[in-house]
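S.K.: The structure file upload_35.pdb (PDB, C-alpha atoms) is provided below.
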ATOM      1  CA  GLN A 603      23.035  16.469  78.087
ATOM      2  CA  SER A 604      19.285  16.840  78.238
ATOM      3  CA  ARG A 605      17.285  15.475  75.342
ATOM      4  CA  ALA A 606      14.512  17.343  73.581
ATOM      5  CA  GLN A 607      12.451  16.568  70.472
ATOM      6  CA  ASP A 608      13.891  15.553  67.093
ATOM      7  CA  PHE A 609      15.386  12.326  68.473
ATOM      8  CA  TYR A 610      16.682   9.642  66.077
ATOM      9  CA  TYR A 611      18.774   6.553  66.720
ATOM     10  CA  GLN A 612      20.405   3.444  65.256
ATOM     11  CA  TYR A 613      21.435   0.601  67.566
ATOM     12  CA  PHE A 614      22.152  -1.797  64.636
ATOM     13  CA  ASP A 615      19.943  -4.489  66.185
ATOM     14  CA  GLY A 616      17.117  -4.577  63.657
ATOM     15  CA  ALA A 617      13.605  -4.490  65.055
ATOM     16  CA  ASP A 618      14.528  -2.377  68.076
ATOM     17  CA  THR A 619      14.860   0.654  65.740
ATOM     18  CA  SER A 620      11.664   2.187  64.357
ATOM     19  CA  ILE A 621      11.759   3.206  60.702
ATOM     20  CA  TRP A 622      10.219   6.548  61.706
ATOM     21  CA  THR A 623      12.955   7.440  64.176
ATOM     22  CA  SER A 624      15.991   5.709  62.673
ATOM     23  CA  ILE A 625      19.257   7.158  61.454
ATOM     24  CA  MET A 626      19.778   5.838  57.944
ATOM     25  CA  ILE A 627      23.137   4.121  57.383
ATOM     26  CA  GLU A 628      24.720   3.660  53.951
ATOM     27  CA  ILE A 629      27.670   1.361  53.309
ATOM     28  CA  ASP A 630      29.030   1.460  49.764
ATOM     29  CA  SER A 631      28.235  -1.819  47.992
ATOM     30  CA  SER A 632      31.896  -2.153  46.977
ATOM     31  CA  ASP A 633      33.077  -1.718  50.569
ATOM     32  CA  ARG A 634      33.807  -5.022  52.300
ATOM     33  CA  LEU A 635      35.323  -3.557  55.478
ATOM     34  CA  TRP A 636      32.411  -1.984  57.378
ATOM     35  CA  GLN A 637      29.908  -4.593  58.526
ATOM     36  CA  ILE A 638      26.848  -4.628  60.759
ATOM     37  CA  GLY A 639      26.717  -7.729  62.917
ATOM     38  CA  THR A 640      27.898  -9.447  66.088
ATOM     39  CA  PRO A 641      31.595  -8.739  66.770
ATOM     40  CA  GLN A 642      33.653 -11.917  67.213
ATOM     41  CA  LYS A 643      37.236 -10.711  67.585
ATOM     42  CA  THR A 644      39.668 -10.718  70.515
ATOM     43  CA  ILE A 645      39.214  -7.109  71.665
ATOM     44  CA  PHE A 646      35.970  -6.418  69.834
ATOM     45  CA  SER A 647      34.133  -9.396  71.313
ATOM     46  CA  SER A 648      30.685  -7.996  72.164
ATOM     47  CA  ALA A 649      28.346  -5.104  71.412
ATOM     48  CA  SER A 650      27.524  -2.357  73.867
ATOM     49  CA  THR A 651      23.862  -3.213  73.312
ATOM     50  CA  PHE A 652      23.515  -6.878  72.357
ATOM     51  CA  PRO A 653      23.872  -8.263  69.745
ATOM     52  CA  ASN A 654      25.084  -5.989  66.883
ATOM     53  CA  VAL A 655      27.425  -3.086  66.115
ATOM     54  CA  ILE A 656      28.884  -1.484  63.025
ATOM     55  CA  VAL A 657      32.553  -2.450  62.885
ATOM     56  CA  THR A 658      35.578  -2.747  60.623
ATOM     57  CA  ASP A 659      34.797  -6.419  59.925
ATOM     58  CA  THR A 660      33.052  -8.612  62.495
ATOM     59  CA  LEU A 661      35.708 -11.372  62.295
ATOM     60  CA  ASN A 662      38.968 -10.126  60.769
ATOM     61  CA  ILE A 663      41.658  -7.518  61.311
ATOM     62  CA  TYR A 664      41.492  -4.417  59.113
ATOM     63  CA  PRO A 665      43.510  -4.580  55.865
ATOM     64  CA  THR A 666      46.488  -2.454  54.829
ATOM     65  CA  ASN A 667      46.256   0.419  52.327
ATOM     66  CA  ASP A 668      42.535   0.794  52.856
ATOM     67  CA  THR A 669      40.152   3.728  53.078
ATOM     68  CA  SER A 670      36.556   2.653  53.799
ATOM     69  CA  SER A 671      33.544   4.682  54.910
ATOM     70  CA  PHE A 672      29.956   4.510  55.964
ATOM     71  CA  ILE A 673      27.541   7.429  55.984
ATOM     72  CA  ALA A 674      24.884   8.233  58.581
ATOM     73  CA  LYS A 675      22.110  10.573  57.406
ATOM     74  CA  TYR A 676      20.171  13.018  59.566
ATOM     75  CA  VAL A 677      17.267  15.200  58.420
ATOM     76  CA  PRO A 678      16.825  18.201  60.741
ATOM     77  CA  THR A 679      13.218  19.028  61.593
ATOM     78  CA  ASP A 680      13.906  21.395  64.481
ATOM     79  CA  ASN A 681      16.654  24.024  64.405
ATOM     80  CA  MET A 682      16.171  25.444  67.898
ATOM     81  CA  GLY A 683      18.950  24.400  70.254
ATOM     82  CA  ILE A 684      22.210  22.471  70.041
ATOM     83  CA  PHE A 685      22.410  19.548  67.624
ATOM     84  CA  ALA A 686      24.135  16.493  69.124
ATOM     85  CA  LEU A 687      25.357  13.308  67.504
ATOM     86  CA  ASN A 688      26.208  10.671  70.115
ATOM     87  CA  TRP A 689      27.622   7.127  69.950
ATOM     88  CA  VAL A 690      29.773   4.653  71.871
ATOM     89  CA  GLN A 691      32.985   3.202  70.471
ATOM     90  CA  LYS A 692      36.162   1.169  70.920
ATOM     91  CA  LEU A 693      39.401   1.642  68.964
ATOM     92  CA  ASP A 694      42.301  -0.602  67.970
ATOM     93  CA  TYR A 695      44.492   1.188  65.407
ATOM     94  CA  GLU A 696      48.234   1.578  64.933
ATOM     95  CA  ALA A 697      48.772   4.849  66.813
ATOM     96  CA  GLY A 698      49.517   7.824  64.578
ATOM     97  CA  LYS A 699      49.582   5.660  61.434
ATOM     98  CA  ASP A 700      46.005   4.384  61.026
ATOM     99  CA  GLY A 701      42.762   5.833  62.347
ATOM    100  CA  GLY A 702      39.151   6.859  62.072
ATOM    101  CA  ARG A 703      38.122  10.168  60.519
ATOM    102  CA  ILE A 704      34.720  11.807  61.150
ATOM    103  CA  GLU A 705      33.412  14.363  58.659
ATOM    104  CA  TYR A 706      30.099  16.034  57.847
ATOM    105  CA  SER A 707      28.492  17.427  54.699
ATOM    106  CA  THR A 708      25.498  19.715  54.230
ATOM    107  CA  ASP A 709      25.539  19.641  50.404
ATOM    108  CA  GLY A 710      24.740  15.997  49.735
ATOM    109  CA  GLY A 711      28.322  14.781  50.044
ATOM    110  CA  VAL A 712      29.883  17.127  47.486
ATOM    111  CA  THR A 713      32.173  18.689  50.105
ATOM    112  CA  TRP A 714      33.214  17.325  53.505
ATOM    113  CA  ASP A 715      34.487  19.043  56.656
ATOM    114  CA  ASN A 716      36.504  17.312  59.365
ATOM    115  CA  THR A 717      34.769  17.555  62.747
ATOM    116  CA  PHE A 718      38.023  18.094  64.663
ATOM    117  CA  ASN A 719      39.018  21.746  65.192
ATOM    118  CA  ASN A 720      35.885  22.850  63.362
ATOM    119  CA  PRO A 721      34.468  26.351  64.050
ATOM    120  CA  TYR A 722      30.864  25.085  64.015
ATOM    121  CA  ILE A 723      31.445  22.302  66.533
ATOM    122  CA  TYR A 724      30.243  23.494  69.927
ATOM    123  CA  ASN A 725      31.819  20.555  71.727
ATOM    124  CA  PHE A 726      33.398  17.219  70.822
ATOM    125  CA  PHE A 727      34.184  15.051  73.831
ATOM    126  CA  GLY A 728      34.172  11.606  75.408
ATOM    127  CA  TYR A 729      37.295  10.206  73.763
ATOM    128  CA  ASP A 730      40.697   9.931  75.443
ATOM    129  CA  PHE A 731      42.997  12.701  74.172
ATOM    130  CA  ALA A 732      45.723  10.068  73.809
ATOM    131  CA  ASN A 733      43.617   8.737  70.899
ATOM    132  CA  TYR A 734      43.618  12.029  68.992
ATOM    133  CA  ASP A 735      46.262  12.631  66.322
ATOM    134  CA  THR A 736      46.851  13.477  62.672
ATOM    135  CA  LEU A 737      47.715  11.109  59.831
ATOM    136  CA  GLY A 738      48.916  13.978  57.672
ATOM    137  CA  VAL A 739      48.580  17.732  57.439
ATOM    138  CA  ASP A 740      45.269  18.614  59.155
ATOM    139  CA  ASP A 741      43.939  15.046  58.713
ATOM    140  CA  TYR A 742      42.655  14.682  62.277
ATOM    141  CA  VAL A 743      41.567  11.215  63.359
ATOM    142  CA  LEU A 744      40.881   8.948  66.314
ATOM    143  CA  THR A 745      43.820   6.546  66.544
ATOM    144  CA  GLY A 746      45.597   4.094  68.833
ATOM    145  CA  ARG A 747      44.008   1.558  71.166
ATOM    146  CA  ASP A 748      41.138   2.196  73.587
ATOM    147  CA  THR A 749      39.370  -0.942  74.791
ATOM    148  CA  ASN A 750      36.877   0.928  76.985
ATOM    149  CA  TRP A 751      33.425   1.792  75.687
ATOM    150  CA  ARG A 752      33.630   5.574  75.258
ATOM    151  CA  ASP A 753      30.506   7.737  75.188
ATOM    152  CA  ILE A 754      31.245  10.238  72.394
ATOM    153  CA  TRP A 755      29.385  13.546  71.913
ATOM    154  CA  LEU A 756      29.663  15.712  68.804
ATOM    155  CA  CYS A 757      27.684  18.935  69.245
ATOM    156  CA  PHE A 758      27.039  21.733  66.742
ATOM    157  CA  GLU A 759      26.230  25.270  67.809
ATOM    158  CA  SER A 760      22.676  26.508  67.222
ATOM    159  CA  SER A 761      23.731  29.226  64.735
ATOM    160  CA  TRP A 762      25.078  26.492  62.433
ATOM    161  CA  LEU A 763      21.869  24.477  62.722
ATOM    162  CA  ASN A 764      19.838  27.497  61.637
ATOM    163  CA  THR A 765      21.671  27.487  58.291
ATOM    164  CA  VAL A 766      21.004  23.808  57.528
ATOM    165  CA  THR A 767      18.070  23.233  55.178
ATOM    166  CA  ASP A 768      18.769  19.715  53.910
ATOM    167  CA  THR A 769      19.980  16.297  55.043
ATOM    168  CA  VAL A 770      23.232  16.288  57.003
ATOM    169  CA  PHE A 771      25.622  13.477  56.097
ATOM    170  CA  PHE A 772      28.136  12.170  58.640
ATOM    171  CA  LYS A 773      30.963  10.083  57.199
ATOM    172  CA  PHE A 774      32.954   7.673  59.368
ATOM    173  CA  THR A 775      36.131   6.618  57.528
ATOM    174  CA  SER A 776      38.686   3.987  58.519
ATOM    175  CA  ILE A 777      42.157   4.687  57.084
ATOM    176  CA  SER A 778      45.195   2.381  57.064
ATOM    177  CA  ASP A 779      48.730   2.542  55.669
ATOM    178  CA  SER A 780      50.928  -0.227  54.233
ATOM    179  CA  ASN A 781      52.161  -1.556  57.598
ATOM    180  CA  GLN A 782      50.264  -4.625  58.854
ATOM    181  CA  THR A 783      49.907  -4.637  62.660
ATOM    182  CA  ASN A 784      47.073  -7.194  62.946
ATOM    183  CA  GLN A 785      44.725  -4.829  64.771
ATOM    184  CA  GLU A 786      40.947  -4.708  64.904
ATOM    185  CA  GLY A 787      40.044  -1.152  63.874
ATOM    186  CA  TRP A 788      36.928   0.704  64.979
ATOM    187  CA  MET A 789      33.686  -0.491  66.578
ATOM    188  CA  ILE A 790      30.631   1.770  66.979
ATOM    189  CA  ASP A 791      27.280   1.182  68.672
ATOM    190  CA  ASN A 792      24.203   3.105  69.844
ATOM    191  CA  LEU A 793      24.242   6.014  67.403
ATOM    192  CA  LEU A 794      21.878   8.829  68.451
ATOM    193  CA  SER A 795      21.027  12.268  67.099
ATOM    194  CA  HIS A 796      18.892  14.877  68.792
ATOM    195  CA  ILE A 797      18.420  18.518  69.750
ATOM    196  CA  THR A 798      19.487  19.516  73.251
ATOM    197  CA  TRP A 799      18.453  22.606  75.179
ATOM    198  CA  THR A 800      21.203  22.529  77.775
ATOM    199  CA  HIS A 801      24.784  21.365  77.616
ATOM    200  CA  THR A 802      27.041  20.167  80.427
TER     201      THR A 802
END
As structure tokens, what does this structure read like?
M.R.:
Amino acid sequence: QSRAQDFYYQYFDGADTSIWTSIMIEIDSSDRLWQIGTPQKTIFSSASTFPNVIVTDTLNIYPTNDTSSFIAKYVPTDNMGIFALNWVQKLDYEAGKDGGRIEYSTDGGVTWDNTFNNPYIYNFFGYDFANYDTLGVDDYVLTGRDTNWRDIWLCFESSWLNTVTDTVFFKFTSISDSNQTNQEGWMIDNLLSHITWTHT
């Protein structure tokens, strides 16, 4: 990817992120699963960029029968080119049973579209295809275990960007069933959004 203007980021490390160029993150006040901090688990033991990440609990395994989300907000100021959302991640879910869903909304969160198999997504890559599955009919998620830091790219075609006139919400949701497997969930770091002119 080549980066152009309209560049925003969130590394979860506090002062390293300028308020003028930051991606705003919202965690529901009733949600105790998603936390920003230093990971201190067996697999999730360190951030990609020291010291912090956003993770399904910095200390504990993820609970059963849980659906918890955080929202990243992006305000487009340039609609020329390909819009890219980029982050790094690790996964530790029960394969095909629990997982992480990624959705977007252009109407303030009234309706949500899954990013997998989406007609407006120009490209979605960086994850291992072994970690792609459904938890139900058309409920596409990232699942299973991947202990490598993966560089994930989610890119929207320029014709879609031309139709967006308001804040774009991206929702990252961790989903678990009733079976306890003592796994660590989802860890995300170095969240970036920007317009690209060329695409590999």
S.K.: Just want the 6 Å neighbourhood of A:Leu794, counted on only C-alpha atoms, with same-chain residues fewer than 5 positions away dropped. Output as a tab-separated table (two decimals) with C-alpha atoms, in the frame of the given file.
M.R.:
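Final file, out-v3.tsv:
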chain	number	residue	atom	x	y	z
A	610	TYR	CA	16.68	9.64	66.08
A	611	TYR	CA	18.77	6.55	66.72
A	687	LEU	CA	25.36	13.31	67.50
A	688	ASN	CA	26.21	10.67	70.11
S.K.: With the PyMOL selection byres ((chain A and resi 663) around 8) as the selection, what would be picked from this file? Answer as a PyMOL selection string, please.
M.R.: chain A and resi 658-659+661-662+664-665+784-787
S.K.: Which residue is closest to A:Leu744? Choose from A:Gln782, A:Asn716, A:Thr660, A:Thr640 and count all atoms listed in the file.
M.R.: A:Asn716
S.K.: How close does stretch 604-699 of chain A get to stretch 721-725 of chain A? List, as a Markdown table, each residue of stretch 604-699 of chain A within 10 Å, its nearest atom pair and the distance in Å to one decimal, counting only C-alpha atoms.
M.R.:
| residue | atom | partner | partner_atom | distance |
| --- | --- | --- | --- | --- |
| A:Ile684 | CA | A:Tyr724 | CA | 8.1 |
| A:Phe685 | CA | A:Tyr724 | CA | 9.1 |
| A:Ala686 | CA | A:Asn725 | CA | 9.1 |
S.K.: Mind dumping the selected residues with C-alpha atoms as a PDB file, in the coordinates of the input?
M.R.:
ATOM      1  CA  ILE A 684      22.210  22.471  70.041  1.00  0.00           C
ATOM      2  CA  PHE A 685      22.410  19.548  67.624  1.00  0.00           C
ATOM      3  CA  ALA A 686      24.135  16.493  69.124  1.00  0.00           C
TER       4      ALA A 686
END
S.K.: Apply the PyMOL selection byres ((chain A and resi 774) around 10) to the file shown and report the selected residues as a PyMOL selection string.
M.R.: chain A and resi 636+670-674+702-706+771-773+775-777+788+790
S.K.: Which of these, A:Thr717, A:Ser760, A:Pro641, A:Arg752, has the shortest distance to A:Phe731 once you count all atoms listed in the file?
M.R.: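 Going through A:Thr717, A:Ser760, A:Pro641, A:Arg752 one by one, the smallest distance to A:Phe731 is for A:Arg752.
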S.K.: If I wrap all listed atoms of stretch 783-801 of chain A in a box with edges along x, y and z and add 8 Å on each side, what are its centre and edge lengths in Å to one decimal, as JSON?
M.R.:
{"center_x": 34.2, "center_y": 7.7, "center_z": 70.2, "size_x": 47.5, "size_y": 45.8, "size_z": 31.1}
S.K.: When you draw a straight line from atom CA of A:Asn720 to atom CA of A:Gly698, how long is it in Å?
M.R.: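 Result for atom CA of A:Asn720 versus atom CA of A:Gly698: 20.3 Å, one decimal.
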S.K.: One decimal, in Å: what's the spacing between atom CA of A:Trp714 and atom CA of A:Asn764?
M.R.: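 Calculated distance between atom CA of A:Trp714 and atom CA of A:Asn764 is 18.7 Å.
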S.K.: Once the PyMOL selection byres ((chain A and resi 623) around 7) has been evaluated on this model, what residues remain selected, and can you format them as a ChimeraX atom specification?
M.R.: /A:609-611,620-622,624-625
S.K.: Hey, could you patch up stretch 691-702 of chain A with all heavy atoms and hand it over as a PDB file, keeping the file's coordinate frame?
M.R.:
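See result36.pdb below for the written result:
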ATOM      1  N   GLN A 691      31.996   3.799  71.366  1.00  0.00           N
ATOM      2  CA  GLN A 691      32.985   3.202  70.471  1.00  0.00           C
ATOM      3  C   GLN A 691      34.133   2.565  71.232  1.00  0.00           C
ATOM      4  O   GLN A 691      34.376   2.859  72.400  1.00  0.00           O
ATOM      5  CB  GLN A 691      33.558   4.255  69.529  1.00  0.00           C
ATOM      6  CG  GLN A 691      34.451   5.263  70.227  1.00  0.00           C
ATOM      7  CD  GLN A 691      35.062   6.282  69.258  1.00  0.00           C
ATOM      8  OE1 GLN A 691      34.526   6.546  68.188  1.00  0.00           O
ATOM      9  NE2 GLN A 691      36.188   6.856  69.648  1.00  0.00           N
ATOM     10  N   LYS A 692      34.853   1.681  70.514  1.00  0.00           N
ATOM     11  CA  LYS A 692      36.162   1.169  70.920  1.00  0.00           C
ATOM     12  C   LYS A 692      37.095   1.309  69.723  1.00  0.00           C
ATOM     13  O   LYS A 692      36.653   1.278  68.568  1.00  0.00           O
ATOM     14  CB  LYS A 692      36.081  -0.295  71.347  1.00  0.00           C
ATOM     15  CG  LYS A 692      35.365  -0.530  72.664  1.00  0.00           C
ATOM     16  CD  LYS A 692      35.450  -1.995  73.097  1.00  0.00           C
ATOM     17  CE  LYS A 692      34.754  -2.221  74.430  1.00  0.00           C
ATOM     18  NZ  LYS A 692      34.888  -3.627  74.885  1.00  0.00           N
ATOM     19  N   LEU A 693      38.399   1.462  70.007  1.00  0.00           N
ATOM     20  CA  LEU A 693      39.401   1.642  68.964  1.00  0.00           C
ATOM     21  C   LEU A 693      40.522   0.618  69.109  1.00  0.00           C
ATOM     22  O   LEU A 693      40.908   0.269  70.224  1.00  0.00           O
ATOM     23  CB  LEU A 693      40.042   3.038  69.063  1.00  0.00           C
ATOM     24  CG  LEU A 693      39.153   4.261  68.893  1.00  0.00           C
ATOM     25  CD1 LEU A 693      39.925   5.518  69.285  1.00  0.00           C
ATOM     26  CD2 LEU A 693      38.648   4.369  67.467  1.00  0.00           C
ATOM     27  N   ASP A 694      41.077   0.183  67.967  1.00  0.00           N
ATOM     28  CA  ASP A 694      42.301  -0.602  67.970  1.00  0.00           C
ATOM     29  C   ASP A 694      43.033  -0.370  66.650  1.00  0.00           C
ATOM     30  O   ASP A 694      42.947  -1.159  65.712  1.00  0.00           O
ATOM     31  CB  ASP A 694      42.009  -2.091  68.166  1.00  0.00           C
ATOM     32  CG  ASP A 694      43.291  -2.901  68.326  1.00  0.00           C
ATOM     33  OD1 ASP A 694      44.263  -2.362  68.888  1.00  0.00           O
ATOM     34  OD2 ASP A 694      43.322  -4.066  67.873  1.00  0.00           O
ATOM     35  N   TYR A 695      43.728   0.780  66.584  1.00  0.00           N
ATOM     36  CA  TYR A 695      44.492   1.188  65.407  1.00  0.00           C
ATOM     37  C   TYR A 695      45.978   1.320  65.759  1.00  0.00           C
ATOM     38  O   TYR A 695      46.328   1.560  66.923  1.00  0.00           O
ATOM     39  CB  TYR A 695      44.023   2.551  64.903  1.00  0.00           C
ATOM     40  CG  TYR A 695      42.738   2.554  64.117  1.00  0.00           C
ATOM     41  CD1 TYR A 695      41.610   3.203  64.599  1.00  0.00           C
ATOM     42  CD2 TYR A 695      42.669   1.960  62.857  1.00  0.00           C
ATOM     43  CE1 TYR A 695      40.433   3.242  63.870  1.00  0.00           C
ATOM     44  CE2 TYR A 695      41.490   1.989  62.114  1.00  0.00           C
ATOM     45  CZ  TYR A 695      40.383   2.637  62.626  1.00  0.00           C
ATOM     46  OH  TYR A 695      39.227   2.669  61.886  1.00  0.00           O
ATOM     47  N   GLU A 696      46.830   1.242  64.744  1.00  0.00           N
ATOM     48  CA  GLU A 696      48.234   1.578  64.933  1.00  0.00           C
ATOM     49  C   GLU A 696      48.318   3.078  65.202  1.00  0.00           C
ATOM     50  O   GLU A 696      47.942   3.896  64.358  1.00  0.00           O
ATOM     51  CB  GLU A 696      49.055   1.212  63.698  1.00  0.00           C
ATOM     52  CG  GLU A 696      50.534   1.495  63.878  1.00  0.00           C
ATOM     53  CD  GLU A 696      51.362   1.219  62.637  1.00  0.00           C
ATOM     54  OE1 GLU A 696      50.784   0.984  61.556  1.00  0.00           O
ATOM     55  OE2 GLU A 696      52.599   1.255  62.762  1.00  0.00           O
ATOM     56  N   ALA A 697      48.799   3.455  66.378  1.00  0.00           N
ATOM     57  CA  ALA A 697      48.772   4.849  66.813  1.00  0.00           C
ATOM     58  C   ALA A 697      49.555   5.756  65.865  1.00  0.00           C
ATOM     59  O   ALA A 697      50.702   5.477  65.519  1.00  0.00           O
ATOM     60  CB  ALA A 697      49.349   4.962  68.222  1.00  0.00           C
ATOM     61  N   GLY A 698      48.891   6.830  65.421  1.00  0.00           N
ATOM     62  CA  GLY A 698      49.517   7.824  64.578  1.00  0.00           C
ATOM     63  C   GLY A 698      49.738   7.409  63.140  1.00  0.00           C
ATOM     64  O   GLY A 698      50.212   8.211  62.329  1.00  0.00           O
ATOM     65  N   LYS A 699      49.388   6.170  62.802  1.00  0.00           N
ATOM     66  CA  LYS A 699      49.582   5.660  61.434  1.00  0.00           C
ATOM     67  C   LYS A 699      48.255   5.331  60.753  1.00  0.00           C
ATOM     68  O   LYS A 699      48.082   5.559  59.567  1.00  0.00           O
ATOM     69  CB  LYS A 699      50.466   4.406  61.453  1.00  0.00           C
ATOM     70  CG  LYS A 699      51.827   4.609  62.094  1.00  0.00           C
ATOM     71  CD  LYS A 699      52.694   5.541  61.275  1.00  0.00           C
ATOM     72  CE  LYS A 699      54.097   5.626  61.877  1.00  0.00           C
ATOM     73  NZ  LYS A 699      54.983   6.522  61.098  1.00  0.00           N
ATOM     74  N   ASP A 700      47.339   4.730  61.510  1.00  0.00           N
ATOM     75  CA  ASP A 700      46.005   4.384  61.026  1.00  0.00           C
ATOM     76  C   ASP A 700      44.987   5.052  61.941  1.00  0.00           C
ATOM     77  O   ASP A 700      45.304   5.394  63.086  1.00  0.00           O
ATOM     78  CB  ASP A 700      45.785   2.865  61.045  1.00  0.00           C
ATOM     79  CG  ASP A 700      46.855   2.101  60.289  1.00  0.00           C
ATOM     80  OD1 ASP A 700      47.414   2.659  59.325  1.00  0.00           O
ATOM     81  OD2 ASP A 700      47.126   0.941  60.662  1.00  0.00           O
ATOM     82  N   GLY A 701      43.751   5.207  61.469  1.00  0.00           N
ATOM     83  CA  GLY A 701      42.762   5.833  62.347  1.00  0.00           C
ATOM     84  C   GLY A 701      41.403   5.995  61.717  1.00  0.00           C
ATOM     85  O   GLY A 701      41.160   5.581  60.573  1.00  0.00           O
ATOM     86  N   GLY A 702      40.516   6.630  62.493  1.00  0.00           N
ATOM     87  CA  GLY A 702      39.151   6.859  62.072  1.00  0.00           C
ATOM     88  C   GLY A 702      38.853   8.349  61.956  1.00  0.00           C
ATOM     89  O   GLY A 702      39.004   9.081  62.930  1.00  0.00           O
TER      90      GLY A 702
END
